[in-house]
Structures are given as C-alpha cells and as structure tokens.
>>> print(open('model18.cif').read())   # mmCIF, C-alpha atoms and all ligand atoms
data_data
loop_
_atom_site.group_PDB
_atom_site.id
_atom_site.type_symbol
_atom_site.label_atom_id
_atom_site.label_comp_id
_atom_site.auth_asym_id
_atom_site.auth_seq_id
_atom_site.Cartn_x
_atom_site.Cartn_y
_atom_site.Cartn_z
ATOM 1 C CA MET A 1441 26.295 -1.425 4.833
ATOM 2 C CA TRP A 1442 23.057 0.499 5.450
ATOM 3 C CA CYS A 1443 21.677 -1.002 2.258
ATOM 4 C CA ILE A 1444 21.934 -4.523 3.660
ATOM 5 C CA VAL A 1445 20.580 -3.480 7.064
ATOM 6 C CA SER A 1446 17.628 -1.718 5.418
ATOM 7 C CA LEU A 1447 16.863 -4.797 3.265
ATOM 8 C CA ILE A 1448 16.865 -7.102 6.302
ATOM 9 C CA PHE A 1449 14.815 -4.582 8.309
ATOM 10 C CA GLY A 1450 12.330 -4.271 5.432
ATOM 11 C CA ALA A 1451 11.972 -8.050 5.021
ATOM 12 C CA MET A 1452 11.298 -8.445 8.763
ATOM 13 C CA ILE A 1453 8.662 -5.720 8.753
ATOM 14 C CA GLY A 1454 7.243 -7.325 5.578
ATOM 15 C CA SER A 1455 6.826 -10.564 7.503
ATOM 16 C CA PHE A 1456 4.822 -8.648 10.124
ATOM 17 C CA LEU A 1457 2.764 -6.966 7.369
ATOM 18 C CA ASN A 1458 1.760 -10.452 6.148
ATOM 19 C CA VAL A 1459 0.367 -11.161 9.606
ATOM 20 C CA CYS A 1460 -1.600 -7.871 9.478
ATOM 21 C CA ILE A 1461 -2.917 -8.717 5.983
ATOM 22 C CA CYS A 1462 -4.194 -12.126 7.109
ATOM 23 C CA ARG A 1463 -5.623 -11.079 10.466
ATOM 24 C CA LEU A 1464 -6.878 -7.470 10.233
ATOM 25 C CA PRO A 1465 -9.877 -8.262 7.953
ATOM 26 C CA ASN A 1466 -10.999 -10.949 10.434
ATOM 27 C CA GLU A 1467 -10.440 -8.620 13.396
ATOM 28 C CA GLU A 1468 -7.969 -11.083 14.924
ATOM 29 C CA SER A 1469 -5.115 -10.019 17.180
ATOM 30 C CA ILE A 1470 -1.938 -9.275 15.239
ATOM 31 C CA ILE A 1471 0.238 -10.117 18.261
ATOM 32 C CA TRP A 1472 -1.130 -13.422 19.545
ATOM 33 C CA PRO A 1473 -1.017 -16.302 18.727
ATOM 34 C CA GLY A 1474 2.189 -16.813 16.725
ATOM 35 C CA SER A 1475 2.177 -17.796 13.058
ATOM 36 C CA HIS A 1476 0.659 -21.147 12.172
ATOM 37 C CA CYS A 1477 0.092 -23.097 8.965
ATOM 38 C CA PRO A 1478 -3.335 -22.292 7.467
ATOM 39 C CA HIS A 1479 -3.750 -25.942 6.391
ATOM 40 C CA CYS A 1480 -2.657 -28.066 9.356
ATOM 41 C CA ASN A 1481 -2.608 -25.316 12.020
ATOM 42 C CA LYS A 1482 0.822 -26.408 13.291
ATOM 43 C CA PRO A 1483 2.764 -23.476 14.773
ATOM 44 C CA ILE A 1484 5.590 -22.339 12.500
ATOM 45 C CA LYS A 1485 9.034 -22.669 14.068
ATOM 46 C CA PRO A 1486 11.196 -19.519 14.111
ATOM 47 C CA TYR A 1487 13.722 -21.110 11.723
ATOM 48 C CA ASP A 1488 10.890 -21.740 9.232
ATOM 49 C CA ASN A 1489 9.711 -18.143 9.575
ATOM 50 C CA ILE A 1490 12.738 -16.316 8.162
ATOM 51 C CA PRO A 1491 11.456 -13.794 5.596
ATOM 52 C CA LEU A 1492 12.004 -14.812 1.945
ATOM 53 C CA ILE A 1493 14.668 -17.414 2.793
ATOM 54 C CA SER A 1494 12.330 -19.920 4.468
ATOM 55 C CA TYR A 1495 9.901 -19.751 1.545
ATOM 56 C CA LEU A 1496 12.692 -20.596 -0.901
ATOM 57 C CA PHE A 1497 14.145 -23.278 1.373
ATOM 58 C CA LEU A 1498 10.756 -24.969 1.899
ATOM 59 C CA ARG A 1499 9.869 -24.414 -1.785
ATOM 60 C CA GLY A 1500 6.596 -22.760 -0.850
ATOM 61 C CA LYS A 1501 5.307 -25.748 1.143
ATOM 62 C CA CYS A 1502 4.529 -26.339 4.820
ATOM 63 C CA ARG A 1503 7.231 -28.507 6.471
ATOM 64 C CA TYR A 1504 4.626 -30.787 8.061
ATOM 65 C CA CYS A 1505 1.610 -31.151 5.763
ATOM 66 C CA LYS A 1506 3.238 -29.996 2.478
ATOM 67 C CA GLY A 1507 0.285 -27.643 1.981
ATOM 68 C CA SER A 1508 1.262 -24.795 -0.317
ATOM 69 C CA ILE A 1509 2.166 -21.420 1.194
ATOM 70 C CA SER A 1510 0.738 -18.432 -0.680
ATOM 71 C CA PRO A 1511 3.258 -16.499 -2.814
ATOM 72 C CA GLN A 1512 1.742 -13.456 -1.085
ATOM 73 C CA TYR A 1513 4.240 -14.033 1.769
ATOM 74 C CA PRO A 1514 7.520 -13.722 -0.178
ATOM 75 C CA LEU A 1515 5.993 -11.049 -2.474
ATOM 76 C CA VAL A 1516 5.042 -8.773 0.431
ATOM 77 C CA GLU A 1517 8.368 -9.426 2.183
ATOM 78 C CA GLY A 1518 10.288 -8.685 -1.004
ATOM 79 C CA MET A 1519 8.303 -5.531 -1.776
ATOM 80 C CA THR A 1520 8.705 -4.210 1.763
ATOM 81 C CA ALA A 1521 12.457 -4.930 1.702
ATOM 82 C CA LEU A 1522 12.802 -3.136 -1.650
ATOM 83 C CA SER A 1523 10.773 -0.155 -0.383
ATOM 84 C CA SER A 1524 13.005 0.059 2.683
ATOM 85 C CA LEU A 1525 16.136 0.066 0.492
ATOM 86 C CA LEU A 1526 14.802 2.704 -1.954
ATOM 87 C CA LEU A 1527 13.633 4.940 0.905
ATOM 88 C CA ILE A 1528 16.951 4.788 2.766
ATOM 89 C CA MET A 1529 18.667 5.721 -0.510
ATOM 90 C CA LYS A 1530 16.290 8.686 -0.880
ATOM 91 C CA PHE A 1531 16.124 9.977 2.697
ATOM 92 C CA GLY A 1532 19.157 8.468 4.460
ATOM 93 C CA LEU A 1533 18.850 7.217 8.028
ATOM 94 C CA SER A 1534 16.425 9.852 9.282
ATOM 95 C CA LEU A 1535 13.008 10.502 10.763
ATOM 96 C CA SER A 1536 11.772 11.076 7.193
ATOM 97 C CA PHE A 1537 12.814 7.521 6.331
ATOM 98 C CA LEU A 1538 10.829 6.110 9.261
ATOM 99 C CA PHE A 1539 7.664 8.085 8.475
ATOM 100 C CA TYR A 1540 7.699 7.362 4.744
ATOM 101 C CA PHE A 1541 8.542 3.711 5.367
ATOM 102 C CA ALA A 1542 5.500 3.484 7.666
ATOM 103 C CA PHE A 1543 3.475 5.171 4.908
ATOM 104 C CA VAL A 1544 4.577 2.719 2.190
ATOM 105 C CA ALA A 1545 4.109 -0.237 4.572
ATOM 106 C CA ALA A 1546 0.524 0.916 5.195
ATOM 107 C CA LEU A 1547 -0.047 1.174 1.420
ATOM 108 C CA ILE A 1548 1.243 -2.383 0.911
ATOM 109 C CA VAL A 1549 -1.135 -3.776 3.570
ATOM 110 C CA ILE A 1550 -4.057 -1.760 2.143
ATOM 111 C CA THR A 1551 -3.316 -2.931 -1.419
ATOM 112 C CA VAL A 1552 -3.277 -6.638 -0.596
ATOM 113 C CA ILE A 1553 -6.333 -6.476 1.713
ATOM 114 C CA ASP A 1554 -8.265 -4.485 -0.915
ATOM 115 C CA LEU A 1555 -7.352 -7.059 -3.604
ATOM 116 C CA TYR A 1556 -8.590 -9.942 -1.431
ATOM 117 C CA HIS A 1557 -11.623 -8.405 0.262
ATOM 118 C CA GLN A 1558 -12.520 -5.174 -1.586
ATOM 119 C CA ILE A 1559 -12.241 -3.219 1.656
ATOM 120 C CA ILE A 1560 -9.766 -0.695 3.028
ATOM 121 C CA PRO A 1561 -9.631 -1.063 6.807
ATOM 122 C CA ASP A 1562 -10.249 2.166 8.738
ATOM 123 C CA VAL A 1563 -7.808 0.912 11.401
ATOM 124 C CA ILE A 1564 -5.003 1.673 8.933
ATOM 125 C CA SER A 1565 -6.218 4.725 6.978
ATOM 126 C CA LEU A 1566 -7.623 6.793 9.861
ATOM 127 C CA PRO A 1567 -4.577 6.583 12.184
ATOM 128 C CA GLY A 1568 -2.509 7.021 8.986
ATOM 129 C CA ILE A 1569 -4.052 10.478 8.468
ATOM 130 C CA GLY A 1570 -3.005 11.445 12.009
ATOM 131 C CA VAL A 1571 0.515 10.040 11.617
ATOM 132 C CA GLY A 1572 0.971 11.921 8.332
ATOM 133 C CA LEU A 1573 -0.115 15.185 9.927
ATOM 134 C CA LEU A 1574 2.204 14.557 12.885
ATOM 135 C CA ALA A 1575 5.072 13.793 10.482
ATOM 136 C CA SER A 1576 4.600 17.182 8.788
ATOM 137 C CA LEU A 1577 5.544 18.848 12.099
ATOM 138 C CA LEU A 1578 8.749 16.818 12.417
ATOM 139 C CA ILE A 1579 10.218 16.325 8.930
ATOM 140 C CA PRO A 1580 11.445 18.884 6.370
ATOM 141 C CA GLN A 1581 9.767 17.343 3.292
ATOM 142 C CA ILE A 1582 6.286 18.722 3.993
ATOM 143 C CA THR A 1583 4.758 21.636 5.911
ATOM 144 C CA PHE A 1584 1.864 21.270 8.356
ATOM 145 C CA PHE A 1585 -0.283 23.508 6.162
ATOM 146 C CA ASN A 1586 0.427 21.464 3.029
ATOM 147 C CA SER A 1587 -0.392 18.256 4.900
ATOM 148 C CA LEU A 1588 -3.662 19.702 6.211
ATOM 149 C CA ILE A 1589 -4.728 20.923 2.751
ATOM 150 C CA GLY A 1590 -3.678 17.508 1.394
ATOM 151 C CA ILE A 1591 -6.047 15.750 3.818
ATOM 152 C CA LEU A 1592 -9.004 18.057 3.050
ATOM 153 C CA PHE A 1593 -8.359 18.073 -0.688
ATOM 154 C CA GLY A 1594 -7.647 14.315 -0.934
ATOM 155 C CA GLY A 1595 -10.679 13.313 1.092
ATOM 156 C CA GLY A 1596 -12.919 16.052 -0.322
ATOM 157 C CA SER A 1597 -12.227 15.482 -4.015
ATOM 158 C CA LEU A 1598 -12.875 11.734 -3.926
ATOM 159 C CA PHE A 1599 -15.920 12.268 -1.706
ATOM 160 C CA LEU A 1600 -17.289 14.590 -4.377
ATOM 161 C CA VAL A 1601 -16.522 12.108 -7.185
ATOM 162 C CA ALA A 1602 -18.151 9.278 -5.194
ATOM 163 C CA THR A 1603 -21.263 11.360 -4.481
ATOM 164 C CA VAL A 1604 -21.688 12.516 -8.092
ATOM 165 C CA TYR A 1605 -21.119 8.983 -9.390
ATOM 166 C CA GLN A 1606 -23.716 7.566 -7.024
ATOM 167 C CA TRP A 1607 -26.184 10.293 -8.020
ATOM 168 C CA LEU A 1608 -25.619 9.702 -11.764
ATOM 169 C CA PHE A 1609 -25.482 5.905 -11.870
ATOM 170 C CA LYS A 1610 -27.537 5.079 -8.755
ATOM 171 C CA ARG A 1611 -24.860 2.672 -7.529
ATOM 172 C CA GLU A 1612 -21.741 2.930 -5.463
ATOM 173 C CA GLY A 1613 -18.641 3.322 -7.611
ATOM 174 C CA MET A 1614 -16.086 4.247 -5.049
ATOM 175 C CA GLY A 1615 -16.139 3.220 -1.422
ATOM 176 C CA GLY A 1616 -15.632 5.419 1.616
ATOM 177 C CA GLY A 1617 -12.390 3.483 2.102
ATOM 178 C CA ASP A 1618 -10.886 5.108 -1.004
ATOM 179 C CA VAL A 1619 -11.858 8.564 0.304
ATOM 180 C CA LYS A 1620 -10.022 7.959 3.603
ATOM 181 C CA LEU A 1621 -7.048 6.418 1.763
ATOM 182 C CA LEU A 1622 -6.583 9.501 -0.441
ATOM 183 C CA ALA A 1623 -6.893 11.707 2.667
ATOM 184 C CA MET A 1624 -4.025 9.681 4.192
ATOM 185 C CA ILE A 1625 -1.977 10.055 0.990
ATOM 186 C CA GLY A 1626 -2.629 13.825 1.133
ATOM 187 C CA ALA A 1627 -1.477 13.923 4.757
ATOM 188 C CA PHE A 1628 1.911 12.398 3.881
ATOM 189 C CA LEU A 1629 2.533 13.898 0.443
ATOM 190 C CA GLY A 1630 0.613 17.203 0.308
ATOM 191 C CA TRP A 1631 -2.014 18.577 -2.047
ATOM 192 C CA LYS A 1632 0.050 18.621 -5.273
ATOM 193 C CA ALA A 1633 0.754 14.915 -4.926
ATOM 194 C CA VAL A 1634 -2.997 14.363 -4.450
ATOM 195 C CA ILE A 1635 -3.621 15.757 -7.949
ATOM 196 C CA LEU A 1636 -0.826 13.622 -9.390
ATOM 197 C CA THR A 1637 -2.134 10.554 -7.532
ATOM 198 C CA ILE A 1638 -5.660 11.060 -8.918
ATOM 199 C CA LEU A 1639 -4.338 11.465 -12.484
ATOM 200 C CA LEU A 1640 -1.918 8.526 -12.312
ATOM 201 C CA SER A 1641 -4.342 6.147 -10.573
ATOM 202 C CA SER A 1642 -7.117 6.936 -13.089
ATOM 203 C CA LEU A 1643 -4.691 6.340 -15.950
ATOM 204 C CA ILE A 1644 -3.262 3.065 -14.587
ATOM 205 C CA GLY A 1645 -6.756 1.974 -13.487
ATOM 206 C CA SER A 1646 -8.268 2.622 -16.934
ATOM 207 C CA ILE A 1647 -5.493 0.758 -18.739
ATOM 208 C CA THR A 1648 -5.863 -2.188 -16.347
ATOM 209 C CA GLY A 1649 -9.663 -2.116 -16.744
ATOM 210 C CA ILE A 1650 -9.380 -2.227 -20.535
ATOM 211 C CA LEU A 1651 -6.822 -5.055 -20.352
ATOM 212 C CA ILE A 1652 -9.124 -7.094 -18.106
ATOM 213 C CA MET A 1653 -12.066 -6.453 -20.459
ATOM 214 C CA VAL A 1654 -9.976 -7.607 -23.427
ATOM 215 C CA LEU A 1655 -8.718 -10.685 -21.604
ATOM 216 C CA LYS A 1656 -11.935 -11.708 -19.852
ATOM 217 C CA GLY A 1657 -14.615 -10.508 -22.269
ATOM 218 C CA LYS A 1658 -16.497 -7.247 -22.405
ATOM 219 C CA ASN A 1659 -19.393 -8.240 -20.207
ATOM 220 C CA SER A 1660 -17.366 -9.471 -17.261
ATOM 221 C CA LYS A 1661 -18.618 -7.750 -14.140
ATOM 222 C CA TYR A 1662 -15.312 -8.143 -12.390
ATOM 223 C CA ALA A 1663 -15.153 -5.397 -9.780
ATOM 224 C CA ILE A 1664 -11.683 -3.898 -9.685
ATOM 225 C CA PRO A 1665 -10.796 -2.345 -6.323
ATOM 226 C CA PHE A 1666 -9.378 1.169 -6.658
ATOM 227 C CA GLY A 1667 -7.168 1.111 -3.543
ATOM 228 C CA PRO A 1668 -4.234 -0.664 -5.225
ATOM 229 C CA PHE A 1669 -4.147 1.965 -8.011
ATOM 230 C CA LEU A 1670 -4.274 4.837 -5.525
ATOM 231 C CA SER A 1671 -1.469 3.169 -3.537
ATOM 232 C CA LEU A 1672 0.725 2.559 -6.587
ATOM 233 C CA ALA A 1673 0.152 6.119 -7.818
ATOM 234 C CA ALA A 1674 1.022 7.462 -4.356
ATOM 235 C CA VAL A 1675 4.324 5.556 -4.325
ATOM 236 C CA ILE A 1676 5.154 6.881 -7.813
ATOM 237 C CA SER A 1677 4.305 10.406 -6.573
ATOM 238 C CA LEU A 1678 6.542 9.910 -3.528
ATOM 239 C CA PHE A 1679 9.576 8.903 -5.596
ATOM 240 C CA TYR A 1680 9.047 10.686 -8.912
ATOM 241 C CA GLY A 1681 6.444 13.371 -8.161
ATOM 242 C CA GLU A 1682 8.741 16.356 -8.583
ATOM 243 C CA THR A 1683 10.357 14.906 -11.715
ATOM 244 C CA LEU A 1684 6.959 14.190 -13.285
ATOM 245 C CA VAL A 1685 5.584 17.658 -12.521
ATOM 246 C CA ARG A 1686 8.728 19.332 -13.894
ATOM 247 C CA TRP A 1687 8.577 17.184 -17.035
ATOM 248 C CA TYR A 1688 4.890 17.982 -17.483
ATOM 249 C CA LEU A 1689 5.376 21.745 -17.019
ATOM 250 C CA GLY A 1690 8.375 21.686 -19.349
ATOM 251 C CA LEU A 1691 6.300 19.914 -21.971
ATOM 252 C CA ASN A 1692 3.605 22.595 -21.894
ATOM 253 C CA ARG A 1693 5.784 25.668 -21.930
HETATM 254 ZN ZN ZN B 1701 0.830 -27.330 7.340
#
>>> encode(input="model18.cif", output="structure tokens")
Amino acid sequence: MWCIVSLIFGAMIGSFLNVCICRLPNEESIIWPGSHCPHCNKPIKPYDNIPLISYLFLRGKCRYCKGSISPQYPLVEGMTALSSLLLIMKFGLSLSFLFYFAFVAALIVITVIDLYHQIIPDVISLPGIGVGLLASLLIPQITFFNSLIGILFGGGSLFLVATVYQWLFKREGMGGGDVKLLAMIGAFLGWKAVILTILLSSLIGSITGILIMVLKGKNSKYAIPFGPFLSLAAVISLFYGETLVRWYLGLNR
C-alpha cells in the first residue's frame, strides 16, 4: 500500500521538479504561471499534466500543436517516483524519509540543470546545506557533529582541489557550484560519505570521460559537468555506503 502511495507521491513531486529545472536557471517563478507548452505556449490542462501517464497517452506530443515534449519530463518523474519508493523501503514512513527524499530531489534537479547549463544553482545547494544540518538534529541516521564535519570537509576538500587545479593549469577545472554541492552532500551524509562520494564520482567521471573521448574523438573539447557524477555518487553512498565500506575494509584485511 505505502509502495503505491510513495510512487504516486514521487511522480507528483517529480512533475514539480521539472518545473524547477525549466524555470530556476532563468530566474522565473516556480509557482506562477501554470505549465504551458514551450512551442505554442498554450496552457496545459490538468488532465494533460498527469505525471508519466499523460506523456504516454499523448505519445510525447503537445495536444494542440503536436510539438514534441522533452523526454526529460517522464524521465525526471520516473526517477523521482523510484527514489521515493526506494527511500520508503529503506526508512519507512518517517522524518528520515522526508529529509532524504528532499535531498535526492535536490540532487535530481541539480543534475539536470548542470547537464543543460553547466551551473549548479546556489538557491538549491546553499539552503540544502542548512536543511541537512537541521536534519541531523532531528533524525537518528546522522549526528550534528558528523553533519558539520561533513560540510567543512566536503566544501573544503573540493575547494582545495579547485584551487590547486587552477594554480597548476591556469584554468578553472571545477566550479564553485561543485564545492557547495559537496558541502550539501556532507551535511546530509556525513564526512565518511564525502570520501566515498569523491572516490566514486572520480571513478565514474573518469570512465565516462574516456568513453566520450573514444566515441567523439580524442581532441573533442566537450566539457563534462561534474555535478551529475557527484550526485550519482552521493545517491550510491546513501543506499550502499555502509556495504561498500565494509566490503572495502574486508578486502584489505
Ligand atoms: Zn503546443
């Protein structure tokens, strides 16, 4: 029963996340006006705005102008619904569920915005740091001290990497947005998960970088944003962090 409720809840929030993804980078209001077609500007009727289902029913096209609707919409709705389901299975119906769902929702918005625009909006990451620290006072998964160290360590380590990189190569390798994002991840997950997130994101990022070089040619100057890798690594740390650390320690005994 809760599984179905959490899926529907997640899909609805996912629909709202799509609005944030489209409007936050342009500094538009996320509340007003209601959704409209990006091609013909016609307002979208509530029955055409049902998460996932409307996209399938309309076959990815606007009802009026038949302009194509980006697969971003069902993808984000589906991912948010799945996250909601996995989190309710992990935490049950609790305050922890709400905080970690907000955390994953923020990561989804950051990932898609970073992929489109190569920016991580401060309006998500900075309040996110505060919410994570607040959560540590209210939920049993993390202590206030661990959250605080996570913020300082997450922000500090990437800040150091970014500064050294800039000094060595005389160009910006990592944006300030990534620094604030890892501080937010530290706030929610603690300092150990920050280490795991750095390791995992570097690994996944390197593999992806090599794949893109192979597929697109060695000299392609395609800038890969780092935010999506940090976000993915953070989600892996959230669900499998303890298992991974135990496996790693067991391997080195
Ligand atoms: Zn249209």
>>> resolve_selection(input="model18.cif", expression="the PyMOL selection byres (((not hetatm)) within 9 of (chain B and resi 1701))", output="list in words")
His1476, Cys1477, Pro1478, His1479, Cys1480, Asn1481, Lys1482, Pro1483, Ile1484, Lys1501, Cys1502, Arg1503, Tyr1504, Cys1505, Lys1506, Gly1507, Ser1508 and Ile1509 of chain A
>>> resolve_selection(input="model18.cif", expression="the PyMOL selection byres (((chain A and resi 1599) around 10) and not hetatm)", output="PyMOL selection string")
chain A and resi 1593-1598+1600-1605+1614-1616+1618-1620+1622
>>> closest_residue(input="model18.cif", among="A:Ile1676, A:Leu1636, A:Leu1555, A:Val1685", to="Ile1664 (chain A)", atoms="all atoms listed in the file")
A:Leu1555
>>> closest_residue(input="model18.cif", among="A:Phe1679, A:Phe1666, A:Tyr1513, A:Phe1585", to="Ile1490 (chain A)", atoms="all atoms listed in the file")
A:Tyr1513
>>> closest_residue(input="model18.cif", among="A:Ile1644, A:Leu1522, A:Val1563, A:Ile1635", to="Ile1550 (chain A)", atoms="all atoms listed in the file")
A:Val1563
>>> resolve_selection(input="model18.cif", expression="the PyMOL selection byres (((chain A and resi 1554) around 10) and not hetatm)", output="ChimeraX atom specification")
/A:1461,1465,1548-1553,1555-1561,1617-1618,1664-1668
>>> closest_residue(input="model18.cif", among="A:Leu1547, A:Leu1535, A:Ala1673, A:Leu1689", to="Leu1643 (chain A)", atoms="only C-alpha atoms")
A:Ala1673
>>> residues_around(input="model18.cif", residues="Gly1645 (chain A)", least_positions_apart="4", cutoff="7 Å", atoms="all atoms listed in the file", output="list in words")
Ser1641, Gly1649 and Phe1669 of chain A
>>> residues_near_point(input="model18.cif", point="(9.2, -10.2, 8.5)", cutoff="12 Å", atoms="only C-alpha atoms", output="ChimeraX atom specification")
/A:1447-1460,1475,1486,1488-1495,1513-1521,1545
>>> axis_aligned_box(input="model18.cif", around="region 1615-1622 of chain A", padding_each_side="4 Å", output="JSON")
{"center_x": -11.4, "center_y": 6.4, "center_z": 1.1, "size_x": 17.6, "size_y": 14.3, "size_z": 13.0}
>>> residues_around(input="model18.cif", residues="Ala1627 (chain A)", least_positions_apart="2", cutoff="9 Å", atoms="all atoms listed in the file", output="list in words")
Gly1568, Ile1569, Gly1570, Val1571, Gly1572, Leu1573, Leu1574, Ala1575, Ser1576, Phe1584, Asn1586, Ser1587, Leu1588, Ile1589, Gly1590, Ile1591, Leu1592, Gly1594, Leu1622, Ala1623, Met1624, Ile1625, Leu1629, Gly1630 and Trp1631 of chain A
>>> closest_residue(input="model18.cif", among="A:Leu1651, A:Gly1681, A:Tyr1688, A:Phe1531", to="Lys1632 (chain A)", atoms="all atoms listed in the file")
A:Gly1681
>>> closest_residue(input="model18.cif", among="A:Leu1464, A:Trp1442, A:Leu1678, A:Tyr1487", to="Tyr1540 (chain A)", atoms="all atoms listed in the file")
A:Leu1678
>>> atom_distance(input="model18.cif", atom1="CA of Cys1462 (chain A)", atom2="CA of Phe1497 (chain A)")
22.2 Å
